[in-house]
file input.pdb (PDB, C-alpha atoms and all ligand atoms)
ATOM      1  CA  MET S   1      -9.015  18.587 -14.414
ATOM      2  CA  PRO S   2      -5.491  19.288 -13.110
ATOM      3  CA  ARG S   3      -2.695  18.551 -15.578
ATOM      4  CA  ILE S   4       0.303  16.287 -14.941
ATOM      5  CA  PHE S   5       3.635  17.790 -15.976
ATOM      6  CA  ASN S   6       5.904  14.766 -16.072
ATOM      7  CA  TYR S   7       9.574  15.745 -16.119
ATOM      8  CA  GLY S   8      10.993  12.348 -16.930
ATOM      9  CA  SER S   9      13.389  10.079 -18.747
ATOM     10  CA  CYS S  10      12.931   8.442 -22.115
ATOM     11  CA  CYS S  11      15.041   5.380 -22.925
ATOM     12  CA  ILE S  12      15.596   2.909 -25.695
ATOM     13  CA  ASP S  13      15.303  -0.456 -23.933
ATOM     14  CA  HIS S  14      17.499  -3.310 -25.195
ATOM     15  CA  VAL S  15      15.827  -6.379 -23.709
ATOM     16  CA  TYR S  16      17.473  -9.806 -23.527
ATOM     17  CA  GLN S  17      15.757 -12.993 -22.372
ATOM     18  CA  VAL S  18      18.412 -14.901 -20.446
ATOM     19  CA  PRO S  19      18.505 -18.328 -18.789
ATOM     20  CA  HIS S  20      19.757 -16.560 -15.635
ATOM     21  CA  PHE S  21      21.242 -13.153 -14.834
ATOM     22  CA  VAL S  22      24.821 -12.952 -16.044
ATOM     23  CA  ALA S  23      27.371 -13.519 -13.255
ATOM     24  CA  PRO S  24      30.719 -11.737 -12.753
ATOM     25  CA  GLY S  25      33.222 -13.039 -15.286
ATOM     26  CA  GLU S  26      30.590 -15.036 -17.176
ATOM     27  CA  THR S  27      29.798 -14.730 -20.890
ATOM     28  CA  LEU S  28      26.199 -15.701 -21.459
ATOM     29  CA  SER S  29      24.208 -16.248 -24.660
ATOM     30  CA  ALA S  30      20.849 -14.483 -24.675
ATOM     31  CA  LEU S  31      17.791 -16.493 -25.708
ATOM     32  CA  SER S  32      16.267 -13.524 -27.545
ATOM     33  CA  TYR S  33      16.723  -9.797 -28.117
ATOM     34  CA  GLU S  34      14.135  -7.046 -28.648
ATOM     35  CA  ILE S  35      14.216  -3.256 -28.650
ATOM     36  CA  TYR S  36      11.342  -1.585 -26.813
ATOM     37  CA  PRO S  37      10.393   1.981 -25.849
ATOM     38  CA  GLY S  38      11.029   2.700 -22.193
ATOM     39  CA  GLY S  39      12.392   5.004 -19.548
ATOM     40  CA  LYS S  40      10.468   5.495 -16.337
ATOM     41  CA  GLY S  41       9.320   8.942 -17.408
ATOM     42  CA  LEU S  42       8.020   7.894 -20.815
ATOM     43  CA  ASN S  43       6.322   4.805 -19.370
ATOM     44  CA  GLN S  44       4.575   6.882 -16.710
ATOM     45  CA  SER S  45       3.428   9.552 -19.178
ATOM     46  CA  ILE S  46       1.923   6.913 -21.445
ATOM     47  CA  ALA S  47       0.288   5.087 -18.540
ATOM     48  CA  ALA S  48      -1.258   8.281 -17.155
ATOM     49  CA  ALA S  49      -2.486   9.318 -20.611
ATOM     50  CA  LYS S  50      -3.992   5.863 -21.262
ATOM     51  CA  ALA S  51      -5.737   6.169 -17.906
ATOM     52  CA  GLY S  52      -7.363   9.427 -19.026
ATOM     53  CA  ALA S  53      -5.133  12.136 -17.529
ATOM     54  CA  ARG S  54      -3.990  15.312 -19.285
ATOM     55  CA  VAL S  55      -0.227  14.857 -19.503
ATOM     56  CA  SER S  56       2.587  17.138 -20.657
ATOM     57  CA  HIS S  57       5.948  15.401 -20.888
ATOM     58  CA  ILE S  58       9.138  17.413 -20.338
ATOM     59  CA  GLY S  59      12.390  15.743 -21.329
ATOM     60  CA  ALA S  60      15.142  15.324 -23.893
ATOM     61  CA  LEU S  61      16.025  12.828 -26.606
ATOM     62  CA  GLY S  62      18.648  12.401 -29.294
ATOM     63  CA  GLU S  63      17.904  11.949 -33.000
ATOM     64  CA  ASP S  64      17.990   8.191 -32.307
ATOM     65  CA  GLY S  65      14.988   8.601 -30.017
ATOM     66  CA  LYS S  66      12.612  10.527 -32.280
ATOM     67  CA  HIS S  67      10.307   7.490 -32.402
ATOM     68  CA  LEU S  68       9.858   7.791 -28.616
ATOM     69  CA  LYS S  69       8.513  11.313 -29.036
ATOM     70  CA  ALA S  70       6.189  10.024 -31.767
ATOM     71  CA  LEU S  71       4.963   7.332 -29.390
ATOM     72  CA  LEU S  72       4.151   9.915 -26.713
ATOM     73  CA  ASP S  73       2.271  11.929 -29.358
ATOM     74  CA  HIS S  74       0.410   8.814 -30.459
ATOM     75  CA  HIS S  75      -0.893   8.344 -26.922
ATOM     76  CA  GLY S  76      -2.062  11.952 -26.657
ATOM     77  CA  VAL S  77       0.771  13.186 -24.448
ATOM     78  CA  ASP S  78       1.661  16.845 -25.053
ATOM     79  CA  THR S  79       5.300  16.850 -26.252
ATOM     80  CA  GLU S  80       5.812  20.567 -26.909
ATOM     81  CA  HIS S  81       8.666  20.489 -24.385
ATOM     82  CA  VAL S  82      10.323  17.232 -25.399
ATOM     83  CA  ARG S  83      13.621  18.456 -26.860
ATOM     84  CA  ILE S  84      15.518  16.629 -29.608
ATOM     85  CA  THR S  85      19.291  17.214 -29.414
ATOM     86  CA  SER S  86      22.336  16.023 -31.346
ATOM     87  CA  SER S  87      23.613  13.644 -28.632
ATOM     88  CA  ALA S  88      22.535  10.081 -27.889
ATOM     89  CA  SER S  89      19.282   9.231 -26.107
ATOM     90  CA  GLY S  90      19.266   7.388 -22.814
ATOM     91  CA  HIS S  91      19.173   3.632 -23.072
ATOM     92  CA  ALA S  92      18.724   0.615 -20.834
ATOM     93  CA  ILE S  93      20.192  -2.886 -21.003
ATOM     94  CA  ILE S  94      17.613  -5.231 -19.510
ATOM     95  CA  GLN S  95      17.969  -8.923 -18.726
ATOM     96  CA  ILE S  96      14.750 -10.900 -18.190
ATOM     97  CA  ASN S  97      15.103 -14.270 -16.452
ATOM     98  CA  PRO S  98      12.671 -17.209 -16.832
ATOM     99  CA  GLU S  99      10.745 -15.980 -13.759
ATOM    100  CA  GLY S 100      10.072 -12.662 -15.536
ATOM    101  CA  GLU S 101      12.297 -10.719 -13.133
ATOM    102  CA  ASN S 102      14.599  -8.067 -14.552
ATOM    103  CA  ALA S 103      18.111  -6.756 -13.988
ATOM    104  CA  ILE S 104      18.657  -3.347 -15.550
ATOM    105  CA  PHE S 105      21.447  -0.921 -16.083
ATOM    106  CA  ILE S 106      20.892   2.437 -17.710
ATOM    107  CA  HIS S 107      22.986   4.983 -19.536
ATOM    108  CA  GLY S 108      21.488   8.432 -18.954
ATOM    109  CA  GLY S 109      22.353  10.045 -22.308
ATOM    110  CA  THR S 110      20.131  13.072 -22.987
ATOM    111  CA  ASN S 111      18.201  12.377 -19.755
ATOM    112  CA  LEU S 112      21.224  13.793 -17.917
ATOM    113  CA  ASP S 113      21.734  16.935 -20.028
ATOM    114  CA  ASP S 114      21.269  20.366 -18.441
ATOM    115  CA  HIS S 115      17.486  20.811 -18.590
ATOM    116  CA  ALA S 116      17.200  24.184 -16.807
ATOM    117  CA  SER S 117      15.862  26.139 -19.803
ATOM    118  CA  LEU S 118      13.658  23.213 -20.815
ATOM    119  CA  LEU S 119      12.066  23.183 -17.355
ATOM    120  CA  GLU S 120      11.582  26.969 -17.388
ATOM    121  CA  ALA S 121       9.705  26.717 -20.671
ATOM    122  CA  GLY S 122       7.900  23.484 -19.889
ATOM    123  CA  LEU S 123       6.533  24.525 -16.509
ATOM    124  CA  ALA S 124       5.657  28.098 -17.531
ATOM    125  CA  ARG S 125       2.070  27.014 -18.332
ATOM    126  CA  ALA S 126       1.547  25.149 -15.068
ATOM    127  CA  GLU S 127      -1.192  26.416 -12.790
ATOM    128  CA  PRO S 128      -1.762  26.090  -9.056
ATOM    129  CA  GLY S 129      -3.104  22.607  -8.343
ATOM    130  CA  ASP S 130      -1.380  20.996 -11.331
ATOM    131  CA  TRP S 131       0.996  18.145 -10.528
ATOM    132  CA  LEU S 132       4.710  17.817 -11.227
ATOM    133  CA  LEU S 133       5.624  14.139 -11.526
ATOM    134  CA  ILE S 134       9.291  13.154 -11.306
ATOM    135  CA  GLN S 135      11.345   9.979 -11.107
ATOM    136  CA  ASN S 136      15.091   9.686 -10.472
ATOM    137  CA  GLU S 137      16.500   9.222 -13.982
ATOM    138  CA  THR S 138      16.903  12.883 -14.941
ATOM    139  CA  SER S 139      19.354  15.583 -13.892
ATOM    140  CA  GLY S 140      17.083  18.538 -13.086
ATOM    141  CA  ASN S 141      14.834  17.355 -10.278
ATOM    142  CA  LEU S 142      15.999  20.027  -7.812
ATOM    143  CA  LYS S 143      15.193  22.790 -10.293
ATOM    144  CA  ALA S 144      11.894  21.101 -11.181
ATOM    145  CA  ILE S 145      10.789  20.910  -7.526
ATOM    146  CA  GLU S 146      11.783  24.536  -6.878
ATOM    147  CA  MET S 147       9.855  25.737  -9.925
ATOM    148  CA  ALA S 148       6.820  23.622  -9.049
ATOM    149  CA  LYS S 149       6.644  25.059  -5.542
ATOM    150  CA  LEU S 150       6.939  28.639  -6.913
ATOM    151  CA  ARG S 151       3.873  27.841  -9.053
ATOM    152  CA  SER S 152       1.919  26.236  -6.180
ATOM    153  CA  MET S 153       1.952  22.879  -7.931
ATOM    154  CA  ARG S 154       1.836  19.589  -6.083
ATOM    155  CA  VAL S 155       4.824  17.267  -6.475
ATOM    156  CA  ALA S 156       4.722  13.477  -6.848
ATOM    157  CA  PHE S 157       8.089  11.720  -6.589
ATOM    158  CA  ASN S 158       8.495   8.129  -7.702
ATOM    159  CA  MET S 159      11.878   7.528  -6.039
ATOM    160  CA  ALA S 160      13.131   5.068  -8.645
ATOM    161  CA  PRO S 161      15.883   4.180  -9.111
ATOM    162  CA  MET S 162      16.735   4.957  -5.476
ATOM    163  CA  ASN S 163      20.143   6.467  -4.709
ATOM    164  CA  GLN S 164      21.673   9.215  -2.587
ATOM    165  CA  ARG S 165      20.850  11.826  -5.238
ATOM    166  CA  ALA S 166      17.150  11.141  -4.626
ATOM    167  CA  LEU S 167      17.557  11.356  -0.847
ATOM    168  CA  ASP S 168      19.431  14.669  -1.120
ATOM    169  CA  LEU S 169      16.504  16.459  -2.782
ATOM    170  CA  PRO S 170      14.304  18.759  -0.641
ATOM    171  CA  LEU S 171      11.958  15.929   0.335
ATOM    172  CA  GLU S 172       9.950  18.207   2.640
ATOM    173  CA  ASP S 173       8.539  19.709  -0.593
ATOM    174  CA  ILE S 174       7.174  16.392  -1.830
ATOM    175  CA  ASP S 175       3.388  16.019  -1.602
ATOM    176  CA  LEU S 176       3.184  12.387  -2.729
ATOM    177  CA  PHE S 177       5.884   9.730  -2.419
ATOM    178  CA  ILE S 178       5.533   6.623  -4.585
ATOM    179  CA  VAL S 179       8.010   3.950  -3.469
ATOM    180  CA  ASN S 180       8.426   0.196  -3.461
ATOM    181  CA  GLU S 181       9.593  -1.659  -0.351
ATOM    182  CA  THR S 182      13.312  -1.218  -1.083
ATOM    183  CA  GLU S 183      12.922   2.465  -1.837
ATOM    184  CA  GLY S 184      10.716   2.934   1.219
ATOM    185  CA  ALA S 185      13.400   1.299   3.363
ATOM    186  CA  ALA S 186      16.069   3.637   1.976
ATOM    187  CA  LEU S 187      13.783   6.635   2.568
ATOM    188  CA  THR S 188      12.962   5.778   6.177
ATOM    189  CA  GLY S 189      15.648   3.399   7.482
ATOM    190  CA  ARG S 190      12.814   0.950   8.324
ATOM    191  CA  GLN S 191      12.295  -2.484   6.762
ATOM    192  CA  GLU S 192       8.708  -3.603   7.362
ATOM    193  CA  PRO S 193       5.858  -1.967   5.407
ATOM    194  CA  GLU S 194       4.005  -0.798   8.533
ATOM    195  CA  GLN S 195       7.198   0.658   9.985
ATOM    196  CA  ILE S 196       7.956   2.434   6.704
ATOM    197  CA  LEU S 197       4.491   4.006   6.701
ATOM    198  CA  ASP S 198       4.778   4.966  10.397
ATOM    199  CA  GLN S 199       8.135   6.612   9.799
ATOM    200  CA  VAL S 200       6.937   8.567   6.764
ATOM    201  CA  ALA S 201       4.023   9.862   8.871
ATOM    202  CA  LYS S 202       6.561  11.086  11.455
ATOM    203  CA  THR S 203       9.140  12.582   9.095
ATOM    204  CA  PHE S 204       6.786  13.973   6.431
ATOM    205  CA  PRO S 205       3.524  14.476   8.360
ATOM    206  CA  ASP S 206       1.709  16.321   5.564
ATOM    207  CA  ALA S 207       2.723  14.013   2.734
ATOM    208  CA  GLN S 208       0.765  11.278   1.006
ATOM    209  CA  ILE S 209       2.620   8.039   0.369
ATOM    210  CA  VAL S 210       2.000   5.009  -1.802
ATOM    211  CA  LEU S 211       4.021   1.920  -0.926
ATOM    212  CA  THR S 212       3.916  -0.774  -3.613
ATOM    213  CA  LEU S 213       4.628  -4.365  -2.610
ATOM    214  CA  GLY S 214       4.407  -6.363  -5.853
ATOM    215  CA  GLU S 215       2.245  -9.443  -5.318
ATOM    216  CA  GLN S 216       1.289  -8.127  -1.853
ATOM    217  CA  GLY S 217      -0.551  -5.184  -3.424
ATOM    218  CA  ALA S 218      -0.046  -1.576  -2.310
ATOM    219  CA  TRP S 219      -0.649   0.759   0.611
ATOM    220  CA  TYR S 220      -1.828   4.369   0.550
ATOM    221  CA  GLN S 221      -1.474   6.717   3.494
ATOM    222  CA  ASP S 222      -2.320  10.356   4.094
ATOM    223  CA  THR S 223      -2.988  12.441   7.199
ATOM    224  CA  LYS S 224      -6.417  10.817   7.613
ATOM    225  CA  ALA S 225      -6.199   7.214   6.451
ATOM    226  CA  ARG S 226      -4.085   4.145   5.738
ATOM    227  CA  GLN S 227      -5.599   1.869   3.087
ATOM    228  CA  HIS S 228      -4.571  -1.300   1.270
ATOM    229  CA  ALA S 229      -5.390  -2.743  -2.160
ATOM    230  CA  PRO S 230      -4.496  -6.364  -2.989
ATOM    231  CA  ALA S 231      -2.789  -7.551  -6.167
ATOM    232  CA  ARG S 232      -4.375 -10.125  -8.475
ATOM    233  CA  LYS S 233      -2.559 -13.464  -8.972
ATOM    234  CA  VAL S 234      -0.869 -13.208 -12.379
ATOM    235  CA  GLN S 235       1.282 -15.224 -14.789
ATOM    236  CA  VAL S 236       4.476 -13.154 -14.753
ATOM    237  CA  VAL S 237       6.126 -12.683 -18.145
ATOM    238  CA  ASP S 238       8.109  -9.475 -17.591
ATOM    239  CA  THR S 239       7.930  -7.162 -14.581
ATOM    240  CA  THR S 240       9.671  -4.270 -16.373
ATOM    241  CA  GLY S 241       7.577  -1.111 -16.203
ATOM    242  CA  ALA S 242       4.997  -2.491 -13.741
ATOM    243  CA  GLY S 243       5.823   0.238 -11.211
ATOM    244  CA  ASP S 244       5.545   2.873 -13.938
ATOM    245  CA  THR S 245       2.180   1.522 -15.044
ATOM    246  CA  PHE S 246       1.009   1.636 -11.428
ATOM    247  CA  THR S 247       2.203   5.224 -10.985
ATOM    248  CA  GLY S 248       0.508   6.483 -14.144
ATOM    249  CA  PHE S 249      -2.816   4.800 -13.403
ATOM    250  CA  PHE S 250      -2.790   5.765  -9.725
ATOM    251  CA  LEU S 251      -2.069   9.437 -10.384
ATOM    252  CA  ALA S 252      -4.512   9.593 -13.284
ATOM    253  CA  GLY S 253      -7.154   8.136 -10.978
ATOM    254  CA  LEU S 254      -6.641  11.012  -8.554
ATOM    255  CA  MET S 255      -6.770  13.526 -11.440
ATOM    256  CA  ASN S 256     -10.063  12.005 -12.566
ATOM    257  CA  GLY S 257     -11.570  12.489  -9.124
ATOM    258  CA  LEU S 258     -11.315   8.917  -7.846
ATOM    259  CA  GLU S 259     -10.840   8.410  -4.124
ATOM    260  CA  PRO S 260      -7.289   7.336  -3.204
ATOM    261  CA  LEU S 261      -8.412   3.750  -2.485
ATOM    262  CA  ALA S 262     -10.117   3.473  -5.884
ATOM    263  CA  SER S 263      -6.985   4.903  -7.518
ATOM    264  CA  LEU S 264      -4.910   2.339  -5.633
ATOM    265  CA  HIS S 265      -7.113  -0.476  -6.961
ATOM    266  CA  GLN S 266      -6.814   0.972 -10.464
ATOM    267  CA  GLY S 267      -3.004   1.158 -10.224
ATOM    268  CA  CYS S 268      -2.736  -2.422  -8.930
ATOM    269  CA  ALA S 269      -5.031  -3.774 -11.650
ATOM    270  CA  ALA S 270      -3.070  -1.996 -14.399
ATOM    271  CA  ALA S 271       0.301  -3.157 -13.052
ATOM    272  CA  GLY S 272      -1.030  -6.723 -12.831
ATOM    273  CA  ILE S 273      -1.912  -6.713 -16.523
ATOM    274  CA  SER S 274       1.423  -5.149 -17.489
ATOM    275  CA  VAL S 275       3.520  -7.943 -15.938
ATOM    276  CA  GLU S 276       1.705 -10.488 -18.100
ATOM    277  CA  ARG S 277       3.144  -8.798 -21.220
ATOM    278  CA  PRO S 278       6.671  -8.182 -22.523
ATOM    279  CA  GLY S 279       8.352  -4.789 -22.561
ATOM    280  CA  ALA S 280       7.764  -1.634 -20.555
ATOM    281  CA  ALA S 281       5.719   0.958 -22.473
ATOM    282  CA  THR S 282       4.370  -1.806 -24.719
ATOM    283  CA  SER S 283       2.911  -3.660 -21.737
ATOM    284  CA  ILE S 284       0.689  -0.812 -20.483
ATOM    285  CA  PRO S 285      -3.010  -1.711 -20.756
ATOM    286  CA  SER S 286      -5.896   0.497 -21.815
ATOM    287  CA  LEU S 287      -8.309   1.924 -19.250
ATOM    288  CA  ASP S 288     -11.036  -0.373 -20.604
ATOM    289  CA  GLU S 289      -8.872  -3.438 -19.990
ATOM    290  CA  VAL S 290      -8.201  -2.251 -16.447
ATOM    291  CA  LYS S 291     -11.874  -1.559 -15.758
ATOM    292  CA  SER S 292     -12.858  -5.020 -16.990
ATOM    293  CA  GLN S 293     -10.658  -6.710 -14.382
TER     294      GLN S 293
HETATM  295  O1  LIG P 301      10.918   1.113 -14.969
HETATM  296  C1  LIG P 301      11.307   0.464 -16.135
HETATM  297  C2  LIG P 301      12.233   1.321 -16.932
HETATM  298  O2  LIG P 301      13.427   1.500 -16.200
HETATM  299  C3  LIG P 301      12.664   0.713 -18.243
HETATM  300  O3  LIG P 301      11.792   1.035 -19.303
HETATM  301  C4  LIG P 301      14.082   1.220 -18.423
HETATM  302  O4  LIG P 301      14.205   2.147 -19.453
HETATM  303  C5  LIG P 301      14.464   1.850 -17.083
HETATM  304  O5  LIG P 301      14.492   3.202 -17.144
END
call {"tool": "encode", "arguments": {"input": "input.pdb", "output": "structure tokens", "more": "lines below"}}
Ligand code: RIB
result
Amino acid sequence: MPRIFNYGSCCIDHVYQVPHFVAPGETLSALSYEIYPGGKGLNQSIAAAKAGARVSHIGALGEDGKHLKALLDHHGVDTEHVRITSSASGHAIIQINPEGENAIFIHGGTNLDDHASLLEAGLARAEPGDWLLIQNETSGNLKAIEMAKLRSMRVAFNMAPMNQRALDLPLEDIDLFIVNETEGAALTGRQEPEQILDQVAKTFPDAQIVLTLGEQGAWYQDTKARQHAPARKVQVVDTTGAGDTFTGFFLAGLMNGLEPLASLHQGCAAAGISVERPGAATSIPSLDEVKSQ
């Protein structure tokens, strides 16, 4: 089975339930406060591992984040190249409103250190056909993509959070884009899902793309097919980490030999369960729970 090398962020999530998102100039009392493990990279590594993939995480943490490394270990993620440094880990401040929607800001911390030597060491074991998975919360994605291509790896890019730094990467080297509607619009300049998919087919003709649409399910497209999987109706508690759960379960499905459409169904089912639970990494279901949907 190919291995996933996930070069990704780890964050300490400070999560506040709020009556509404705080407005400019407003001071708002939170209804509750919890600290959860998070970071798009960590969430995706745990999701992929829970879905049965072989996952090596590459990333950096401070002493304050040692428990995040232990959590990755607990879920069977290889952490040989998760570096602990003397500076502060990345963290996120997350507001959750009564509808379960989130508003997040992040401080990069060790996720934005210079990771060049870490990537050299971490990807040295990668073999042709293995996957590099990246998101947009770490500083070394250009180096990671270059190294992956030198090793004939395939590259999956979850373009979250979307910004110009993501768009400036050598996107012609990406084998699989995983984007939501907003990210897809920024990538293509198109607004409607069908237009986004059409434009990706024109600009990146050899790439696969997954376009996630929340309660509208998700689309998959490659050079041969365009397929859709619906989302189940759910009681939303907290949407944080749903996209990460999707990404991990979708990619793990491909690693396990599922057809793309079956992987899409698996990703949607897992994300649906995750939004019914609080937290990011803590909301990721087991493969058995997903299969029993
Ligand atoms: O995708 C959700 C994640 O985004 C949170 O866990 C938070 O850490 C931010 O990185």
call {"tool": "closest_residue", "arguments": {"input": "input.pdb", "among": "S:Cys10, S:Ala156, S:Val234, S:Ile174", "to": "ligand LIG 301 (chain P)", "atoms": "only C-alpha atoms and all ligand atoms"}}
result
S:Cys10
call {"tool": "residues_near_point", "arguments": {"input": "input.pdb", "point": "(17.0, -19.5, -21.9)", "cutoff": "6 Å", "atoms": "all atoms listed in the file", "output": "PDB file with C-alpha atoms, in the frame of the given file"}}
result
ATOM      1  CA  VAL S  18      18.412 -14.901 -20.446  1.00  0.00           C
ATOM      2  CA  PRO S  19      18.505 -18.328 -18.789  1.00  0.00           C
ATOM      3  CA  LEU S  31      17.791 -16.493 -25.708  1.00  0.00           C
TER       4      LEU S  31
END
call {"tool": "atom_distance", "arguments": {"input": "input.pdb", "atom1": "atom CA of S:Ser32", "atom2": "atom CA of S:Ala103"}}
result
15.3 Å
call {"tool": "residues_around", "arguments": {"input": "input.pdb", "residues": "S:Asp78", "least_positions_apart": "6", "cutoff": "7 Å", "atoms": "all atoms listed in the file", "output": "mmCIF file with C-alpha atoms, in the coordinates of the input"}}
result
data_model
loop_
_atom_site.group_PDB
_atom_site.id
_atom_site.type_symbol
_atom_site.label_atom_id
_atom_site.label_comp_id
_atom_site.auth_asym_id
_atom_site.auth_seq_id
_atom_site.Cartn_x
_atom_site.Cartn_y
_atom_site.Cartn_z
ATOM 1 C CA VAL S 55 -0.227 14.857 -19.503
ATOM 2 C CA SER S 56 2.587 17.138 -20.657
ATOM 3 C CA HIS S 57 5.948 15.401 -20.888
#
call {"tool": "residues_around", "arguments": {"input": "input.pdb", "residues": "stretch 167-173 of chain S", "least_positions_apart": "5", "cutoff": "7 Å", "atoms": "all atoms listed in the file", "output": "MDAnalysis selection string"}}
result
chainID S and resid 142 187 204
call {"tool": "residues_around", "arguments": {"input": "input.pdb", "residues": "S:Asn6", "least_positions_apart": "2", "cutoff": "6 Å", "atoms": "only C-alpha atoms", "output": "PyMOL selection string"}}
result
chain S and resi 4+8+57-58+132-133
call {"tool": "axis_aligned_box", "arguments": {"input": "input.pdb", "around": "stretch 114-127 of chain S", "padding_each_side": "4 Å", "output": "lines of an AutoDock Vina configuration file"}}
result
center_x = 10.0
center_y = 24.2
center_z = -16.8
size_x = 30.5
size_y = 15.7
size_z = 16.0
call {"tool": "residues_near_point", "arguments": {"input": "input.pdb", "point": "(16.3, 17.2, -29.5)", "cutoff": "6 Å", "atoms": "all atoms listed in the file", "output": "compact mmCIF listing (two decimals) with C-alpha atoms, in the coordinates of the input"}}
result
# COMPACT_ATOMS: atom_id res chain seq x y z
CA LEU S 61 16.02 12.83 -26.61
CA GLY S 62 18.65 12.40 -29.29
CA ARG S 83 13.62 18.46 -26.86
CA ILE S 84 15.52 16.63 -29.61
CA THR S 85 19.29 17.21 -29.41
call {"tool": "closest_atom_pairs", "arguments": {"input": "input.pdb", "of": "chain S", "to": "ligand LIG 301 (chain P)", "cutoff": "10 Å", "atoms": "all atoms listed in the file", "output": "JSON lines"}}
result
{"residue": "S:Gly8", "atom": "CA", "partner": "P:LIG301", "partner_atom": "O5", "distance": 9.8}
{"residue": "S:Ser9", "atom": "CA", "partner": "P:LIG301", "partner_atom": "O5", "distance": 7.1}
{"residue": "S:Cys10", "atom": "CA", "partner": "P:LIG301", "partner_atom": "O4", "distance": 7.0}
{"residue": "S:Cys11", "atom": "CA", "partner": "P:LIG301", "partner_atom": "O4", "distance": 4.8}
{"residue": "S:Ile12", "atom": "CA", "partner": "P:LIG301", "partner_atom": "O4", "distance": 6.4}
{"residue": "S:Asp13", "atom": "CA", "partner": "P:LIG301", "partner_atom": "O4", "distance": 5.3}
{"residue": "S:His14", "atom": "CA", "partner": "P:LIG301", "partner_atom": "O4", "distance": 8.6}
{"residue": "S:Val15", "atom": "CA", "partner": "P:LIG301", "partner_atom": "C4", "distance": 9.4}
{"residue": "S:Tyr36", "atom": "CA", "partner": "P:LIG301", "partner_atom": "O3", "distance": 8.0}
{"residue": "S:Pro37", "atom": "CA", "partner": "P:LIG301", "partner_atom": "O3", "distance": 6.8}
{"residue": "S:Gly38", "atom": "CA", "partner": "P:LIG301", "partner_atom": "O3", "distance": 3.4}
{"residue": "S:Gly39", "atom": "CA", "partner": "P:LIG301", "partner_atom": "O4", "distance": 3.4}
{"residue": "S:Lys40", "atom": "CA", "partner": "P:LIG301", "partner_atom": "C2", "distance": 4.6}
{"residue": "S:Gly41", "atom": "CA", "partner": "P:LIG301", "partner_atom": "O5", "distance": 7.7}
{"residue": "S:Leu42", "atom": "CA", "partner": "P:LIG301", "partner_atom": "O3", "distance": 8.0}
{"residue": "S:Asn43", "atom": "CA", "partner": "P:LIG301", "partner_atom": "O3", "distance": 6.6}
{"residue": "S:Gln44", "atom": "CA", "partner": "P:LIG301", "partner_atom": "O1", "distance": 8.7}
{"residue": "S:Gly90", "atom": "CA", "partner": "P:LIG301", "partner_atom": "O4", "distance": 8.0}
{"residue": "S:His91", "atom": "CA", "partner": "P:LIG301", "partner_atom": "O4", "distance": 6.3}
{"residue": "S:Ala92", "atom": "CA", "partner": "P:LIG301", "partner_atom": "O4", "distance": 5.0}
{"residue": "S:Ile93", "atom": "CA", "partner": "P:LIG301", "partner_atom": "C4", "distance": 7.8}
{"residue": "S:Ile94", "atom": "CA", "partner": "P:LIG301", "partner_atom": "C4", "distance": 7.4}
{"residue": "S:Asn102", "atom": "CA", "partner": "P:LIG301", "partner_atom": "C1", "distance": 9.3}
{"residue": "S:Ala103", "atom": "CA", "partner": "P:LIG301", "partner_atom": "O2", "distance": 9.7}
{"residue": "S:Ile104", "atom": "CA", "partner": "P:LIG301", "partner_atom": "C5", "distance": 6.9}
{"residue": "S:Phe105", "atom": "CA", "partner": "P:LIG301", "partner_atom": "C5", "distance": 7.6}
{"residue": "S:Ile106", "atom": "CA", "partner": "P:LIG301", "partner_atom": "O5", "distance": 6.5}
{"residue": "S:His107", "atom": "CA", "partner": "P:LIG301", "partner_atom": "O5", "distance": 9.0}
{"residue": "S:Gly108", "atom": "CA", "partner": "P:LIG301", "partner_atom": "O5", "distance": 8.9}
{"residue": "S:Gln135", "atom": "CA", "partner": "P:LIG301", "partner_atom": "O5", "distance": 9.6}
{"residue": "S:Asn136", "atom": "CA", "partner": "P:LIG301", "partner_atom": "O5", "distance": 9.3}
{"residue": "S:Glu137", "atom": "CA", "partner": "P:LIG301", "partner_atom": "O5", "distance": 7.1}
{"residue": "S:Ala160", "atom": "CA", "partner": "P:LIG301", "partner_atom": "O1", "distance": 7.8}
{"residue": "S:Pro161", "atom": "CA", "partner": "P:LIG301", "partner_atom": "O2", "distance": 8.0}
{"residue": "S:Thr239", "atom": "CA", "partner": "P:LIG301", "partner_atom": "C1", "distance": 8.5}
{"residue": "S:Thr240", "atom": "CA", "partner": "P:LIG301", "partner_atom": "C1", "distance": 5.0}
{"residue": "S:Gly241", "atom": "CA", "partner": "P:LIG301", "partner_atom": "C1", "distance": 4.0}
{"residue": "S:Ala242", "atom": "CA", "partner": "P:LIG301", "partner_atom": "O1", "distance": 7.0}
{"residue": "S:Gly243", "atom": "CA", "partner": "P:LIG301", "partner_atom": "O1", "distance": 6.4}
{"residue": "S:Asp244", "atom": "CA", "partner": "P:LIG301", "partner_atom": "O1", "distance": 5.7}
{"residue": "S:Thr245", "atom": "CA", "partner": "P:LIG301", "partner_atom": "O1", "distance": 8.7}
{"residue": "S:Gly279", "atom": "CA", "partner": "P:LIG301", "partner_atom": "O3", "distance": 7.5}
{"residue": "S:Ala280", "atom": "CA", "partner": "P:LIG301", "partner_atom": "O3", "distance": 5.0}
{"residue": "S:Ala281", "atom": "CA", "partner": "P:LIG301", "partner_atom": "O3", "distance": 6.9}
{"residue": "S:Thr282", "atom": "CA", "partner": "P:LIG301", "partner_atom": "O3", "distance": 9.6}
call {"tool": "residues_around", "arguments": {"input": "input.pdb", "residues": "S:His265", "least_positions_apart": "6", "cutoff": "10 Å", "atoms": "all atoms listed in the file", "output": "compact mmCIF listing (two decimals) with C-alpha atoms, in the coordinates of the input"}}
result
# COMPACT_ATOMS: atom_id res chain seq x y z
CA GLY S 217 -0.55 -5.18 -3.42
CA ALA S 218 -0.05 -1.58 -2.31
CA HIS S 228 -4.57 -1.30 1.27
CA ALA S 229 -5.39 -2.74 -2.16
CA PRO S 230 -4.50 -6.36 -2.99
CA ALA S 231 -2.79 -7.55 -6.17
CA PHE S 246 1.01 1.64 -11.43
CA PHE S 249 -2.82 4.80 -13.40
CA PHE S 250 -2.79 5.76 -9.72
CA GLY S 253 -7.15 8.14 -10.98
CA ALA S 271 0.30 -3.16 -13.05
CA VAL S 290 -8.20 -2.25 -16.45
